>>> print(open('query02.cif').read())   # mmCIF, C-alpha atoms
data_data
loop_
_atom_site.group_PDB
_atom_site.id
_atom_site.type_symbol
_atom_site.label_atom_id
_atom_site.label_comp_id
_atom_site.auth_asym_id
_atom_site.auth_seq_id
_atom_site.Cartn_x
_atom_site.Cartn_y
_atom_site.Cartn_z
ATOM 1 C CA MET G 1 -79.331 63.382 67.865
ATOM 2 C CA ILE G 2 -81.213 66.650 67.246
ATOM 3 C CA ARG G 3 -81.440 65.916 63.510
ATOM 4 C CA ARG G 4 -82.750 62.405 64.198
ATOM 5 C CA ASN G 5 -85.388 63.721 66.601
ATOM 6 C CA TYR G 6 -86.386 66.335 64.041
ATOM 7 C CA ARG G 7 -86.822 63.654 61.403
ATOM 8 C CA GLN G 8 -88.892 61.512 63.754
ATOM 9 C CA TRP G 9 -91.221 64.376 64.632
ATOM 10 C CA ALA G 10 -91.464 65.382 60.954
ATOM 11 C CA ALA G 11 -92.359 61.824 59.947
ATOM 12 C CA THR G 12 -94.930 61.672 62.758
ATOM 13 C CA GLY G 13 -96.499 64.934 61.585
ATOM 14 C CA VAL G 14 -96.724 63.710 57.991
ATOM 15 C CA LEU G 15 -98.309 60.454 59.112
ATOM 16 C CA LEU G 16 -100.878 62.261 61.278
ATOM 17 C CA ALA G 17 -101.728 64.577 58.387
ATOM 18 C CA LEU G 18 -102.258 61.596 56.084
ATOM 19 C CA LEU G 19 -104.490 59.888 58.634
ATOM 20 C CA ALA G 20 -106.473 63.079 59.212
ATOM 21 C CA PHE G 21 -107.176 63.698 55.529
ATOM 22 C CA ALA G 22 -107.475 60.062 54.404
ATOM 23 C CA PRO G 23 -111.313 59.946 54.774
ATOM 24 C CA LEU G 24 -111.643 62.686 52.152
ATOM 25 C CA TYR G 25 -110.421 60.106 49.644
ATOM 26 C CA LEU G 26 -111.617 56.893 51.310
ATOM 27 C CA ASP G 27 -115.266 57.975 51.577
ATOM 28 C CA GLN G 28 -115.806 56.416 48.158
ATOM 29 C CA PHE G 29 -114.304 53.127 49.397
ATOM 30 C CA PRO G 30 -116.350 52.146 52.485
ATOM 31 C CA TYR G 31 -114.843 48.656 52.716
ATOM 32 C CA GLN G 32 -111.294 49.994 52.834
ATOM 33 C CA MET G 33 -112.401 52.602 55.372
ATOM 34 C CA ALA G 34 -113.820 49.856 57.609
ATOM 35 C CA ILE G 35 -110.575 47.843 57.319
ATOM 36 C CA ILE G 36 -108.456 50.827 58.345
ATOM 37 C CA THR G 37 -110.795 51.631 61.244
ATOM 38 C CA GLY G 38 -110.485 48.042 62.448
ATOM 39 C CA ALA G 39 -106.710 48.293 62.106
ATOM 40 C CA PHE G 40 -106.748 51.209 64.571
ATOM 41 C CA PHE G 41 -108.315 48.902 67.157
ATOM 42 C CA TYR G 42 -105.618 46.274 66.668
ATOM 43 C CA ALA G 43 -102.976 49.001 66.861
ATOM 44 C CA ILE G 44 -104.308 49.826 70.332
ATOM 45 C CA LEU G 45 -103.868 46.162 71.308
ATOM 46 C CA ALA G 46 -100.366 46.146 69.836
ATOM 47 C CA SER G 47 -99.349 49.250 71.781
ATOM 48 C CA SER G 48 -100.477 47.700 75.062
ATOM 49 C CA TRP G 49 -98.551 44.516 74.181
ATOM 50 C CA SER G 50 -95.499 46.690 73.504
ATOM 51 C CA LEU G 51 -95.777 48.125 77.015
ATOM 52 C CA LEU G 52 -96.070 44.646 78.514
ATOM 53 C CA ALA G 53 -93.373 42.804 76.564
ATOM 54 C CA GLY G 54 -91.183 45.585 75.200
ATOM 55 C CA THR G 55 -90.968 47.979 78.130
ATOM 56 C CA ALA G 56 -91.604 45.651 81.072
ATOM 57 C CA GLY G 57 -90.095 42.506 79.533
ATOM 58 C CA GLN G 58 -92.939 40.271 80.735
ATOM 59 C CA PHE G 59 -93.730 37.604 78.139
ATOM 60 C CA SER G 60 -97.364 36.967 78.940
ATOM 61 C CA PHE G 61 -99.548 35.425 76.242
ATOM 62 C CA ALA G 62 -102.801 36.106 78.090
ATOM 63 C CA HIS G 63 -103.122 39.468 76.354
ATOM 64 C CA MET G 64 -105.670 38.465 73.725
ATOM 65 C CA ALA G 65 -107.461 36.220 76.204
ATOM 66 C CA LEU G 66 -108.071 39.159 78.528
ATOM 67 C CA MET G 67 -109.293 41.207 75.568
ATOM 68 C CA ALA G 68 -111.689 38.354 74.716
ATOM 69 C CA ILE G 69 -112.998 38.279 78.282
ATOM 70 C CA GLY G 70 -113.781 41.986 78.142
ATOM 71 C CA ALA G 71 -115.329 41.730 74.677
ATOM 72 C CA TYR G 72 -117.526 38.717 75.459
ATOM 73 C CA THR G 73 -118.626 40.235 78.761
ATOM 74 C CA SER G 74 -119.763 43.348 76.925
ATOM 75 C CA GLY G 75 -121.404 41.188 74.251
ATOM 76 C CA PHE G 76 -123.280 38.990 76.723
ATOM 77 C CA LEU G 77 -124.554 42.007 78.631
ATOM 78 C CA GLY G 78 -125.746 43.676 75.447
ATOM 79 C CA ARG G 79 -127.339 40.548 73.999
ATOM 80 C CA ASP G 80 -128.951 39.081 77.124
ATOM 81 C CA LEU G 81 -129.600 42.119 79.335
ATOM 82 C CA GLY G 82 -129.849 44.893 76.769
ATOM 83 C CA THR G 83 -127.213 47.084 78.399
ATOM 84 C CA SER G 84 -125.682 49.948 76.443
ATOM 85 C CA PRO G 85 -122.316 49.400 74.696
ATOM 86 C CA LEU G 86 -120.598 51.899 77.010
ATOM 87 C CA THR G 87 -121.848 50.085 80.135
ATOM 88 C CA GLY G 88 -120.752 46.764 78.662
ATOM 89 C CA ILE G 89 -117.303 48.111 77.826
ATOM 90 C CA ILE G 90 -116.810 49.458 81.360
ATOM 91 C CA LEU G 91 -117.958 46.239 83.052
ATOM 92 C CA GLY G 92 -116.015 44.085 80.600
ATOM 93 C CA THR G 93 -112.872 46.099 81.263
ATOM 94 C CA LEU G 94 -113.305 45.702 85.021
ATOM 95 C CA LEU G 95 -113.803 41.939 84.723
ATOM 96 C CA ALA G 96 -110.804 41.547 82.411
ATOM 97 C CA GLY G 97 -108.754 43.605 84.869
ATOM 98 C CA GLY G 98 -109.888 41.373 87.736
ATOM 99 C CA VAL G 99 -108.896 38.223 85.836
ATOM 100 C CA GLY G 100 -105.563 39.829 84.952
ATOM 101 C CA LEU G 101 -105.021 40.588 88.646
ATOM 102 C CA VAL G 102 -105.658 36.948 89.559
ATOM 103 C CA ILE G 103 -103.251 35.768 86.866
ATOM 104 C CA GLY G 104 -100.665 38.247 88.094
ATOM 105 C CA LEU G 105 -100.988 36.984 91.668
ATOM 106 C CA LEU G 106 -100.681 33.367 90.519
ATOM 107 C CA CYS G 107 -97.597 34.165 88.423
ATOM 108 C CA LEU G 108 -95.665 36.145 91.014
ATOM 109 C CA ARG G 109 -92.876 33.589 91.240
ATOM 110 C CA LEU G 110 -92.823 32.726 87.535
ATOM 111 C CA ARG G 111 -90.343 34.221 85.109
ATOM 112 C CA GLY G 112 -89.425 33.928 81.453
ATOM 113 C CA ALA G 113 -90.556 30.705 79.821
ATOM 114 C CA TYR G 114 -92.624 29.609 82.823
ATOM 115 C CA LEU G 115 -94.774 32.744 82.716
ATOM 116 C CA ALA G 116 -95.198 32.316 78.952
ATOM 117 C CA LEU G 117 -96.241 28.651 79.335
ATOM 118 C CA PHE G 118 -98.771 29.460 82.072
ATOM 119 C CA THR G 119 -100.409 32.224 80.087
ATOM 120 C CA ILE G 120 -100.408 30.183 76.851
ATOM 121 C CA ALA G 121 -102.276 27.425 78.697
ATOM 122 C CA PHE G 122 -104.798 29.939 80.066
ATOM 123 C CA SER G 123 -105.363 31.463 76.632
ATOM 124 C CA GLU G 124 -105.796 28.076 74.971
ATOM 125 C CA ILE G 125 -108.308 26.906 77.590
ATOM 126 C CA LEU G 126 -110.334 30.072 77.084
ATOM 127 C CA ARG G 127 -110.174 29.745 73.287
ATOM 128 C CA ILE G 128 -111.409 26.154 73.370
ATOM 129 C CA THR G 129 -114.178 27.088 75.792
ATOM 130 C CA LEU G 130 -115.401 29.926 73.576
ATOM 131 C CA LEU G 131 -115.410 27.683 70.504
ATOM 132 C CA THR G 132 -117.074 24.647 72.059
ATOM 133 C CA GLU G 133 -119.740 26.297 74.246
ATOM 134 C CA PHE G 134 -121.712 27.141 71.122
ATOM 135 C CA GLN G 135 -125.062 27.524 72.887
ATOM 136 C CA TYR G 136 -123.678 30.489 74.818
ATOM 137 C CA THR G 137 -120.937 31.969 72.661
ATOM 138 C CA GLU G 138 -122.138 30.957 69.166
ATOM 139 C CA GLY G 139 -118.699 29.455 68.595
ATOM 140 C CA SER G 140 -116.629 30.691 65.685
ATOM 141 C CA ASN G 141 -119.643 32.626 64.326
ATOM 142 C CA GLY G 142 -119.286 35.181 67.115
ATOM 143 C CA LEU G 143 -122.012 37.134 68.869
ATOM 144 C CA GLU G 144 -124.523 39.054 66.792
ATOM 145 C CA LEU G 145 -124.818 42.504 68.357
ATOM 146 C CA ALA G 146 -125.970 45.993 67.539
ATOM 147 C CA PRO G 147 -123.262 48.251 66.043
ATOM 148 C CA LEU G 148 -121.053 49.982 68.582
ATOM 149 C CA TYR G 149 -121.282 53.315 66.738
ATOM 150 C CA ALA G 150 -124.952 53.189 65.814
ATOM 151 C CA GLY G 151 -126.377 56.254 64.088
ATOM 152 C CA ILE G 152 -123.112 57.857 62.966
ATOM 153 C CA THR G 153 -121.329 57.953 59.634
ATOM 154 C CA ILE G 154 -118.388 55.723 58.772
ATOM 155 C CA ARG G 155 -116.202 58.840 58.652
ATOM 156 C CA ALA G 156 -117.150 59.739 62.233
ATOM 157 C CA GLU G 157 -116.423 56.145 63.285
ATOM 158 C CA TYR G 158 -113.002 56.457 61.656
ATOM 159 C CA TYR G 159 -112.151 59.660 63.514
ATOM 160 C CA ILE G 160 -113.432 58.368 66.876
ATOM 161 C CA THR G 161 -111.302 55.227 66.639
ATOM 162 C CA LEU G 162 -108.293 57.233 65.433
ATOM 163 C CA GLY G 163 -108.736 59.579 68.396
ATOM 164 C CA LEU G 164 -108.813 56.605 70.777
ATOM 165 C CA LEU G 165 -105.610 55.250 69.243
ATOM 166 C CA LEU G 166 -103.810 58.576 69.525
ATOM 167 C CA GLY G 167 -105.014 58.980 73.112
ATOM 168 C CA VAL G 168 -103.728 55.522 74.036
ATOM 169 C CA LEU G 169 -100.367 56.168 72.354
ATOM 170 C CA ALA G 170 -100.019 59.497 74.168
ATOM 171 C CA PHE G 171 -100.817 57.807 77.487
ATOM 172 C CA MET G 172 -98.305 55.013 76.788
ATOM 173 C CA PHE G 173 -95.627 57.583 75.918
ATOM 174 C CA TRP G 174 -96.272 59.485 79.150
ATOM 175 C CA LEU G 175 -96.328 56.261 81.164
ATOM 176 C CA THR G 176 -92.977 55.034 79.841
ATOM 177 C CA LYS G 177 -91.375 58.397 80.700
ATOM 178 C CA SER G 178 -92.839 58.430 84.213
ATOM 179 C CA ARG G 179 -91.547 56.904 87.447
ATOM 180 C CA PHE G 180 -93.681 53.842 86.710
ATOM 181 C CA GLY G 181 -91.941 53.419 83.354
ATOM 182 C CA LEU G 182 -88.514 53.730 84.975
ATOM 183 C CA PHE G 183 -89.357 50.984 87.464
ATOM 184 C CA ILE G 184 -90.715 48.522 84.909
ATOM 185 C CA ARG G 185 -87.698 49.089 82.649
ATOM 186 C CA ALA G 186 -85.445 48.338 85.609
ATOM 187 C CA MET G 187 -87.497 45.213 86.264
ATOM 188 C CA ARG G 188 -87.037 44.166 82.626
ATOM 189 C CA GLU G 189 -83.259 44.507 82.796
ATOM 190 C CA ASP G 190 -82.741 42.676 86.098
ATOM 191 C CA GLU G 191 -85.527 41.879 88.570
ATOM 192 C CA ASP G 192 -83.128 41.035 91.403
ATOM 193 C CA ALA G 193 -81.142 44.234 90.970
ATOM 194 C CA ALA G 194 -84.348 46.278 90.747
ATOM 195 C CA ALA G 195 -85.649 44.682 93.953
ATOM 196 C CA ALA G 196 -82.313 45.369 95.687
ATOM 197 C CA MET G 197 -82.648 49.058 94.734
ATOM 198 C CA GLY G 198 -86.079 49.270 96.355
ATOM 199 C CA VAL G 199 -88.444 48.567 93.458
ATOM 200 C CA ASN G 200 -91.479 46.570 94.568
ATOM 201 C CA VAL G 201 -91.161 43.998 91.789
ATOM 202 C CA VAL G 202 -94.223 42.045 92.928
ATOM 203 C CA ARG G 203 -96.497 45.091 92.768
ATOM 204 C CA TYR G 204 -95.280 46.234 89.363
ATOM 205 C CA LYS G 205 -95.449 42.758 87.862
ATOM 206 C CA VAL G 206 -99.081 42.432 88.953
ATOM 207 C CA LEU G 207 -99.925 45.908 87.649
ATOM 208 C CA ILE G 208 -98.330 45.344 84.254
ATOM 209 C CA LEU G 209 -99.960 41.953 83.734
#
>>> encode(input="query02.cif", output="C-alpha cells")
Amino acid sequence: MIRRNYRQWAATGVLLALLAFAPLYLDQFPYQMAIITGAFFYAILASSWSLLAGTAGQFSFAHMALMAIGAYTSGFLGRDLGTSPLTGIILGTLLAGGVGLVIGLLCLRLRGAYLALFTIAFSEILRITLLTEFQYTEGSNGLELAPLYAGITIRAEYYITLGLLLGVLAFMFWLTKSRFGLFIRAMREDEDAAAAMGVNVVRYKVLIL
C-alpha cells in the first residue's frame, strides 16, 4: 500500500512538472498551446462529472446543459449589456446553479434510469432551443465575444487555466474526503440504508445535482 501510494505521488509530481515546463517548448506552437489550454477547461468539467456520477452515483445528463446555461448567460450579458467577463461568469454560475436546484427538486423521487431520462430530455430541449433560436443565440456559429483573457500572453492564459484546474481538483479531493463526501458515497451505495442511518438523502441529492 505504501509503495503504491509512493508511486502515485511520484507520477503526480512528474506530471505536474511536465505541465509546468511544457510552455517553454510549446511557445513555438501556439495552436497546440491553445488546444491544451482548452483541454484544461474540459478536464474541469470531467472532474465535476466524476464527483456527480462516480462519487455520488447520480446519473444526471444535465451536466453540459447547465454549463451551457452559464456560458450563454455570460455571453448574452457581455454581448448585449457590455458586462465584464468576470461579472458574466458569476451571474451565469448563479443562474446555472438555480436551474440545477430546480431540476434537483423535480427529480427528488427519481432514481437510476428515470433520472437519466429526465435530464437527457432537458438537455436535448435546451440543445434544440440554442440551435434553432438563431436570432438570439447565432445557432451553431456560437456567440462572437471578446476574449476572456484579453491583454495577456498565451503562456499566461495557459498557467491561469492550469491553476484553475489544479484548484478544482484539490477542492474535489478535499470534498470527497470530508463528511459531505462520506454521505454522498453512502447515498451511492444504498439510498435507503443511508437514509436509515440519518443521512438527509433529499438534501444531498439536490446539492450534488
>>> resolve_selection(input="query02.cif", expression="the PyMOL selection byres ((chain G and resi 96-99) around 6)", output="list of chain:residue names")
G:Leu66, G:Ile69, G:Gly70, G:Thr93, G:Leu94, G:Leu95, G:Gly100, G:Leu101, G:Val102
>>> write_last_selection(input="query02.cif", atoms="C-alpha atoms", output="mmCIF file, in the coordinates of the input")
data_model
loop_
_atom_site.group_PDB
_atom_site.id
_atom_site.type_symbol
_atom_site.label_atom_id
_atom_site.label_comp_id
_atom_site.auth_asym_id
_atom_site.auth_seq_id
_atom_site.Cartn_x
_atom_site.Cartn_y
_atom_site.Cartn_z
ATOM 1 C CA LEU G 66 -108.071 39.159 78.528
ATOM 2 C CA ILE G 69 -112.998 38.279 78.282
ATOM 3 C CA GLY G 70 -113.781 41.986 78.142
ATOM 4 C CA THR G 93 -112.872 46.099 81.263
ATOM 5 C CA LEU G 94 -113.305 45.702 85.021
ATOM 6 C CA LEU G 95 -113.803 41.939 84.723
ATOM 7 C CA GLY G 100 -105.563 39.829 84.952
ATOM 8 C CA LEU G 101 -105.021 40.588 88.646
ATOM 9 C CA VAL G 102 -105.658 36.948 89.559
#
>>> closest_residue(input="query02.cif", among="G:Ala46, G:Ala62, G:Ala186, G:Ala22", to="G:Val168", atoms="only C-alpha atoms")
G:Ala46
>>> resolve_selection(input="query02.cif", expression="the PyMOL selection byres ((chain G and resi 190) around 12)", output="list in words")
Ala56, Gly57, Gln58, Arg111, Gly112, Phe183, Ile184, Arg185, Ala186, Met187, Arg188, Glu189, Glu191, Asp192, Ala193, Ala194, Ala195, Ala196, Met197, Val199 and Val201 of chain G
>>> closest_residue(input="query02.cif", among="G:Tyr42, G:Ile89, G:Pro147, G:Leu164", to="G:Met64", atoms="only C-alpha atoms")
G:Tyr42
>>> closest_residue(input="query02.cif", among="G:Glu133, G:Asp27, G:Glu138, G:Asp80", to="G:Tyr158", atoms="only C-alpha atoms")
G:Asp27
>>> atom_distance(input="query02.cif", atom1="atom CA of G:Gly38", atom2="atom CA of G:Ala17")
19.1 Å
>>> closest_residue(input="query02.cif", among="G:Tyr6, G:Tyr25, G:Phe40, G:Phe59", to="G:Gly167", atoms="all atoms listed in the file")
G:Phe40
>>> atom_distance(input="query02.cif", atom1="atom CA of G:Leu26", atom2="atom CA of G:Phe41")
18.1 Å
>>> closest_residue(input="query02.cif", among="G:Ala146, G:Ile103, G:Leu51, G:Met33", to="G:Leu115", atoms="only C-alpha atoms")
G:Ile103
>>> atom_distance(input="query02.cif", atom1="atom CA of G:Thr161", atom2="atom CA of G:Ile35")
11.9 Å
>>> resolve_selection(input="query02.cif", expression="the PyMOL selection byres ((chain G and resi 77) around 12)", output="ChimeraX atom specification")
/G:70-76,78-92,143,145-146
>>> write_last_selection(input="query02.cif", atoms="C-alpha atoms", output="PDB file, in the coordinates of the input")
ATOM      1  CA  GLY G  70    -113.781  41.986  78.142  1.00  0.00           C
ATOM      2  CA  ALA G  71    -115.329  41.730  74.677  1.00  0.00           C
ATOM      3  CA  TYR G  72    -117.526  38.717  75.459  1.00  0.00           C
ATOM      4  CA  THR G  73    -118.626  40.235  78.761  1.00  0.00           C
ATOM      5  CA  SER G  74    -119.763  43.348  76.925  1.00  0.00           C
ATOM      6  CA  GLY G  75    -121.404  41.188  74.251  1.00  0.00           C
ATOM      7  CA  PHE G  76    -123.280  38.990  76.723  1.00  0.00           C
ATOM      8  CA  GLY G  78    -125.746  43.676  75.447  1.00  0.00           C
ATOM      9  CA  ARG G  79    -127.339  40.548  73.999  1.00  0.00           C
ATOM     10  CA  ASP G  80    -128.951  39.081  77.124  1.00  0.00           C
ATOM     11  CA  LEU G  81    -129.600  42.119  79.335  1.00  0.00           C
ATOM     12  CA  GLY G  82    -129.849  44.893  76.769  1.00  0.00           C
ATOM     13  CA  THR G  83    -127.213  47.084  78.399  1.00  0.00           C
ATOM     14  CA  SER G  84    -125.682  49.948  76.443  1.00  0.00           C
ATOM     15  CA  PRO G  85    -122.316  49.400  74.696  1.00  0.00           C
ATOM     16  CA  LEU G  86    -120.598  51.899  77.010  1.00  0.00           C
ATOM     17  CA  THR G  87    -121.848  50.085  80.135  1.00  0.00           C
ATOM     18  CA  GLY G  88    -120.752  46.764  78.662  1.00  0.00           C
ATOM     19  CA  ILE G  89    -117.303  48.111  77.826  1.00  0.00           C
ATOM     20  CA  ILE G  90    -116.810  49.458  81.360  1.00  0.00           C
ATOM     21  CA  LEU G  91    -117.958  46.239  83.052  1.00  0.00           C
ATOM     22  CA  GLY G  92    -116.015  44.085  80.600  1.00  0.00           C
ATOM     23  CA  LEU G 143    -122.012  37.134  68.869  1.00  0.00           C
ATOM     24  CA  LEU G 145    -124.818  42.504  68.357  1.00  0.00           C
ATOM     25  CA  ALA G 146    -125.970  45.993  67.539  1.00  0.00           C
TER      26      ALA G 146
END
>>> closest_residue(input="query02.cif", among="G:Pro30, G:Leu105, G:Phe134, G:Asn141", to="G:Arg203", atoms="all atoms listed in the file")
G:Leu105
>>> residues_around(input="query02.cif", residues="G:Phe171", least_positions_apart="3", cutoff="12 Å", atoms="all atoms listed in the file", output="MDAnalysis selection string")
chainID G and resid 44 47:48 51 164:168 174:178 181
>>> residues_around(input="query02.cif", residues="G:Thr119", least_positions_apart="3", cutoff="8 Å", atoms="only C-alpha atoms", output="VMD selection string")
chain G and resid 60 to 62 115 to 116 122 to 123
